[in-house]
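This report concerns only the one structure given below.
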Amino acid sequence: MPLALAACKKGWSILELTGFTMGTSYSVAAIDHSKSVNKTELQAAINASLAQVNTQMSNWDAGSEISRFNASTSTQPFAVSSELASVMQAAQDVHVASDGRFDVTLGGLIDLWGFGAGQTKTAAPTDAQIASVMGTTGHSNTLRVAGGSLQKLQPDTEVYLSAIGKGFGVDQVSRTIESFGIKDYMIEIGGDLYTAGLNPDGMPWQIGIETPVAHDRGVQQVVSVSNHGMATSGDYRNYFEQDGVRYSHILDGTTGRPVTHKTASVTVLTENAMLADAWATAMLVLGTERGLEIAYERDLAVLFIDRDADSAQNGFVTTPSAAFAALQA
């Protein structure tokens, strides 16, 4: 039964909204039980909240707060908005908790390996090139986050928020939707999402996790998500091969090189989309073995998908943390 017809019979309406932000698309499905929410006003409010996030955190907007910080070579404290300060504090917390694997200062390495916007790379950089660029990267060594300011410890350090900014954008949209009195909804921006309440069938929202294969949109597993942020990070869409070696865009800031383990995809469920976004990246860099240890230490809900040629399930094996399994029980 189409959603609109189902909604009519149940006495409520479903508001389905789409648009573009942060170089990707967004979608919202919200249940209006009162049938009193103006869809045009809701969409305008969502767009305004996302525009505000871009003015603070977009690396593609030269006038944004983070771009102005990056352009500066000063090592003096740089005052930022409370929203950007909150995101940077979260980035620092996850950096420390993940053995330094989550790192928002790796822009130089990303460009060096050819994984920056508009780049195409077919050859790995030299050890000397990697060592040189690593002098300007590494959150703990190059950046200080304190109160409402950021401070460079190295004048050439730059911050890229692609692994946490979309999640924060999702959370901002969540606040906007709830200000309209809506309690049951799902928001997705570029694969990062947050769900609240129940779906139109009166169940937790059902979300498919992709099979981690480059040219396949198959579903590896469907998970139930309610009142949680969710993000999935994978190594299977952006990579190049050289001399039979596969180089993923997932870089380990502690080595300056792409990860080499068998973990292909990681999905994280947390209390908000911002932390899910950051932890999904961190866990993919860590890999299943160390990632699971940290997940158990911190009671994180994480699902790892590893390549396994001997697996009967299409060449992959899935491993949930205890917290993830409990949410799906």
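If you're wondering about the labels, chains in the structure tokens are A, B, ... by order shown, residues count from 1 in each chain, ligands from 1 in order shown.
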
Find the residues around range 218-234 of chain A up to 7 Å (only C-alpha atoms counted), leave out those fewer than 4 positions away in its own chain, and share them as a PyMOL selection string. chain A and resi 191-198+204-212+264-273+276-277+280-281+284+328

For Ala90 in chain A, please output as a PDB file with C-alpha atoms, in the first residue's frame all residues within 9 Å (counting only C-alpha atoms; exclusion window: fewer than 6 positions along the same chain).
ATOM      1  CA  ILE A 164      31.633  14.362  11.384  1.00  0.00           C
ATOM      2  CA  MET A 274      27.363  13.264  14.846  1.00  0.00           C
ATOM      3  CA  LEU A 275      28.991  10.648  17.066  1.00  0.00           C
ATOM      4  CA  ALA A 278      32.809  10.021  13.728  1.00  0.00           C
TER       5      ALA A 278
END

Could you build a table of the residues in range 131-165 of chain A lying no more than 12 Å from range 236-252 of chain A, giving for each the nearest pair of atoms and their separation in Å rounded to one decimal place, using only C-alpha atoms, ordered by chain and ascending residue number, as a tab-separated table?
residue	atom	partner	partner_atom	distance
A:Met134	CA	A:Asp252	CA	11.1
A:Thr137	CA	A:Asp252	CA	11.2
A:Gly138	CA	A:Asp252	CA	10.2
A:Ala163	CA	A:Ile250	CA	11.0

Residue selection dump (C-alpha atoms) as a PDB file, in the first residue's frame:
ATOM      1  CA  MET A 134      52.710  14.108   8.344  1.00  0.00           C
ATOM      2  CA  THR A 137      48.855  16.420  10.484  1.00  0.00           C
ATOM      3  CA  GLY A 138      47.891  14.651  13.681  1.00  0.00           C
ATOM      4  CA  ALA A 163      33.680  12.584   8.721  1.00  0.00           C
TER       5      ALA A 163
END

Residues within 12 Å of Glu297 in chain A, please, as an NGL selection string. Count only C-alpha atoms; anything in the same chain fewer than 6 positions from it doesn't count. :A and (97-98 or 290-291 or 321-323)

Limited to N, CA and C atoms, could you put the picked residues into a file as a PDB file, in the first residue's frame?
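Wrote it out as result.pdb, contents follow:
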ATOM      1  N   ALA A  97      39.774   8.682  22.274  1.00  0.00           N
ATOM      2  CA  ALA A  97      39.178   7.389  22.618  1.00  0.00           C
ATOM      3  C   ALA A  97      39.473   6.307  21.580  1.00  0.00           C
ATOM      4  N   SER A  98      39.832   6.710  20.356  1.00  0.00           N
ATOM      5  CA  SER A  98      40.062   5.744  19.275  1.00  0.00           C
ATOM      6  C   SER A  98      41.540   5.495  19.003  1.00  0.00           C
ATOM      7  N   ARG A 290      40.859  -4.490  17.073  1.00  0.00           N
ATOM      8  CA  ARG A 290      40.983  -3.425  18.069  1.00  0.00           C
ATOM      9  C   ARG A 290      39.670  -2.671  18.225  1.00  0.00           C
ATOM     10  N   GLY A 291      38.921  -2.539  17.130  1.00  0.00           N
ATOM     11  CA  GLY A 291      37.650  -1.844  17.200  1.00  0.00           C
ATOM     12  C   GLY A 291      36.682  -2.496  18.163  1.00  0.00           C
ATOM     13  N   SER A 321      29.097  -5.906  18.004  1.00  0.00           N
ATOM     14  CA  SER A 321      29.458  -5.761  19.418  1.00  0.00           C
ATOM     15  C   SER A 321      28.254  -6.155  20.258  1.00  0.00           C
ATOM     16  N   ALA A 322      28.465  -6.353  21.556  1.00  0.00           N
ATOM     17  CA  ALA A 322      27.371  -6.749  22.439  1.00  0.00           C
ATOM     18  C   ALA A 322      26.267  -5.688  22.447  1.00  0.00           C
ATOM     19  N   ALA A 323      26.652  -4.418  22.442  1.00  0.00           N
ATOM     20  CA  ALA A 323      25.660  -3.342  22.475  1.00  0.00           C
ATOM     21  C   ALA A 323      24.843  -3.324  21.187  1.00  0.00           C
TER      22      ALA A 323
END

Among range 143-172 of chain A, which residues carry a DSSP assignment of helix (DSSP H, G or I), reported as number ranges by chain? A: 165-172

With a distance cut-off of 8 Å and only C-alpha atoms, select the neighbouring residues of range 152-161 of chain A, excluding the residue or stretch itself and same-chain residues fewer than 4 positions from it, and output the selection as a compact mmCIF listing (two decimals) with all heavy atoms, in the first residue's frame.
# COMPACT_ATOMS: atom_id res chain seq x y z
N MET A 57 30.81 25.03 8.94
CA MET A 57 31.66 23.84 8.85
C MET A 57 32.00 23.36 7.44
O MET A 57 32.68 22.36 7.29
CB MET A 57 30.98 22.69 9.60
CG MET A 57 30.72 23.06 11.04
SD MET A 57 29.86 21.81 11.97
CE MET A 57 29.20 22.83 13.29
N SER A 58 31.58 24.09 6.40
CA SER A 58 31.85 23.63 5.05
C SER A 58 33.28 23.92 4.62
O SER A 58 33.73 25.07 4.67
CB SER A 58 30.89 24.31 4.06
OG SER A 58 31.26 24.00 2.73
N ASN A 59 33.98 22.89 4.18
CA ASN A 59 35.33 23.07 3.64
C ASN A 59 35.28 23.55 2.19
O ASN A 59 36.33 23.87 1.62
CB ASN A 59 36.12 21.77 3.72
CG ASN A 59 36.52 21.42 5.14
OD1 ASN A 59 36.00 20.48 5.74
ND2 ASN A 59 37.45 22.20 5.71
N ILE A 66 35.24 27.28 9.39
CA ILE A 66 36.36 26.35 9.33
C ILE A 66 37.31 26.68 8.19
O ILE A 66 38.52 26.51 8.32
CB ILE A 66 35.86 24.88 9.24
CG1 ILE A 66 36.95 23.92 9.71
CG2 ILE A 66 35.36 24.54 7.85
CD1 ILE A 66 37.38 24.10 11.15
N PHE A 69 39.47 29.52 9.39
CA PHE A 69 40.48 28.99 10.31
C PHE A 69 41.60 28.31 9.53
O PHE A 69 42.79 28.52 9.81
CB PHE A 69 39.84 28.00 11.28
CG PHE A 69 40.82 27.28 12.16
CD1 PHE A 69 41.44 27.93 13.22
CD2 PHE A 69 41.14 25.94 11.93
CE1 PHE A 69 42.37 27.27 14.03
CE2 PHE A 69 42.05 25.28 12.73
CZ PHE A 69 42.67 25.94 13.79
N ASN A 70 41.24 27.52 8.54
CA ASN A 70 42.25 26.83 7.74
C ASN A 70 43.15 27.80 6.99
O ASN A 70 44.35 27.56 6.81
CB ASN A 70 41.58 25.87 6.75
CG ASN A 70 41.03 24.63 7.42
OD1 ASN A 70 41.39 24.30 8.55
ND2 ASN A 70 40.12 23.94 6.74
N ALA A 71 42.57 28.89 6.50
CA ALA A 71 43.34 29.86 5.71
C ALA A 71 44.32 30.65 6.56
O ALA A 71 45.33 31.16 6.05
CB ALA A 71 42.39 30.82 5.00
N SER A 72 44.05 30.73 7.85
CA SER A 72 44.93 31.48 8.75
C SER A 72 46.19 30.67 9.07
O SER A 72 46.13 29.44 9.22
CB SER A 72 44.19 31.81 10.04
OG SER A 72 45.07 32.34 11.01
N THR A 73 47.31 31.34 9.18
CA THR A 73 48.56 30.68 9.60
C THR A 73 48.93 31.09 11.03
O THR A 73 50.01 30.76 11.51
CB THR A 73 49.71 31.03 8.65
OG1 THR A 73 49.88 32.46 8.61
CG2 THR A 73 49.45 30.49 7.25
N SER A 74 48.03 31.78 11.70
CA SER A 74 48.29 32.21 13.07
C SER A 74 48.24 31.02 14.02
O SER A 74 47.45 30.09 13.83
CB SER A 74 47.25 33.25 13.50
OG SER A 74 47.35 33.53 14.89
N THR A 75 49.06 31.07 15.05
CA THR A 75 49.02 30.04 16.09
C THR A 75 48.37 30.57 17.37
O THR A 75 48.50 29.99 18.44
CB THR A 75 50.44 29.53 16.40
OG1 THR A 75 51.28 30.64 16.75
CG2 THR A 75 51.04 28.80 15.21
N GLN A 76 47.64 31.68 17.22
CA GLN A 76 46.88 32.23 18.33
C GLN A 76 45.48 31.62 18.35
O GLN A 76 44.99 31.14 17.33
CB GLN A 76 46.77 33.75 18.20
CG GLN A 76 48.10 34.47 18.29
CD GLN A 76 48.79 34.22 19.62
OE1 GLN A 76 48.20 34.41 20.69
NE2 GLN A 76 50.05 33.80 19.57
N PRO A 77 44.81 31.59 19.52
CA PRO A 77 43.44 31.06 19.57
C PRO A 77 42.52 31.77 18.58
O PRO A 77 42.59 32.98 18.41
CB PRO A 77 43.04 31.32 21.03
CG PRO A 77 44.33 31.33 21.77
CD PRO A 77 45.31 31.98 20.85
N VAL A 104 40.69 14.76 12.31
CA VAL A 104 40.15 15.73 11.35
C VAL A 104 41.25 16.59 10.71
O VAL A 104 40.95 17.53 9.98
CB VAL A 104 39.11 16.64 12.02
CG1 VAL A 104 37.90 15.84 12.47
CG2 VAL A 104 39.72 17.42 13.19
N THR A 105 42.52 16.26 10.95
CA THR A 105 43.61 17.07 10.41
C THR A 105 44.35 16.37 9.26
O THR A 105 45.48 16.75 8.94
CB THR A 105 44.64 17.42 11.51
OG1 THR A 105 45.37 16.23 11.88
CG2 THR A 105 43.97 18.02 12.72
N LEU A 106 43.72 15.39 8.63
CA LEU A 106 44.43 14.58 7.63
C LEU A 106 44.27 15.08 6.20
O LEU A 106 44.57 14.36 5.25
CB LEU A 106 43.97 13.12 7.70
CG LEU A 106 44.15 12.41 9.05
CD1 LEU A 106 43.78 10.94 8.92
CD2 LEU A 106 45.58 12.57 9.57
N GLY A 107 43.81 16.31 6.04
CA GLY A 107 43.59 16.83 4.69
C GLY A 107 44.81 16.75 3.79
O GLY A 107 44.71 16.40 2.61
N GLY A 108 45.99 17.07 4.34
CA GLY A 108 47.21 17.01 3.54
C GLY A 108 47.51 15.62 3.04
O GLY A 108 47.93 15.42 1.89
N THR A 136 52.44 18.13 9.29
CA THR A 136 51.36 19.11 9.45
C THR A 136 50.04 18.44 9.85
O THR A 136 49.01 19.10 9.90
CB THR A 136 51.13 19.89 8.15
OG1 THR A 136 50.68 18.99 7.12
CG2 THR A 136 52.41 20.57 7.69
N THR A 137 50.07 17.14 10.12
CA THR A 137 48.85 16.42 10.48
C THR A 137 49.01 15.79 11.86
O THR A 137 50.10 15.75 12.42
CB THR A 137 48.54 15.32 9.45
OG1 THR A 137 49.58 14.32 9.50
CG2 THR A 137 48.44 15.89 8.05
N ASN A 141 49.06 16.59 17.89
CA ASN A 141 50.31 17.32 17.73
C ASN A 141 50.15 18.69 17.08
O ASN A 141 51.07 19.52 17.15
CB ASN A 141 51.29 16.51 16.88
CG ASN A 141 51.58 15.15 17.46
OD1 ASN A 141 51.71 15.01 18.68
ND2 ASN A 141 51.64 14.14 16.61
N THR A 142 49.02 18.93 16.43
CA THR A 142 48.91 20.15 15.61
C THR A 142 47.74 21.05 15.99
O THR A 142 47.63 22.15 15.46
CB THR A 142 48.76 19.77 14.13
OG1 THR A 142 47.51 19.07 13.95
CG2 THR A 142 49.91 18.91 13.65
N LEU A 143 46.89 20.61 16.90
CA LEU A 143 45.65 21.35 17.13
C LEU A 143 45.26 21.31 18.60
O LEU A 143 45.40 20.28 19.26
CB LEU A 143 44.54 20.71 16.29
CG LEU A 143 43.20 21.44 16.18
CD1 LEU A 143 43.37 22.76 15.44
CD2 LEU A 143 42.20 20.54 15.44
N ARG A 144 44.78 22.44 19.09
CA ARG A 144 44.27 22.49 20.46
C ARG A 144 42.84 23.01 20.42
O ARG A 144 42.55 24.03 19.79
CB ARG A 144 45.14 23.40 21.34
CG ARG A 144 44.63 23.52 22.78
CD ARG A 144 45.58 24.33 23.64
NE ARG A 144 46.86 23.64 23.80
CZ ARG A 144 48.04 24.20 23.58
NH1 ARG A 144 48.11 25.46 23.17
NH2 ARG A 144 49.15 23.53 23.76
N GLY A 165 30.82 16.27 10.08
CA GLY A 165 29.94 17.39 9.79
C GLY A 165 28.55 16.98 9.31
O GLY A 165 27.55 17.60 9.70
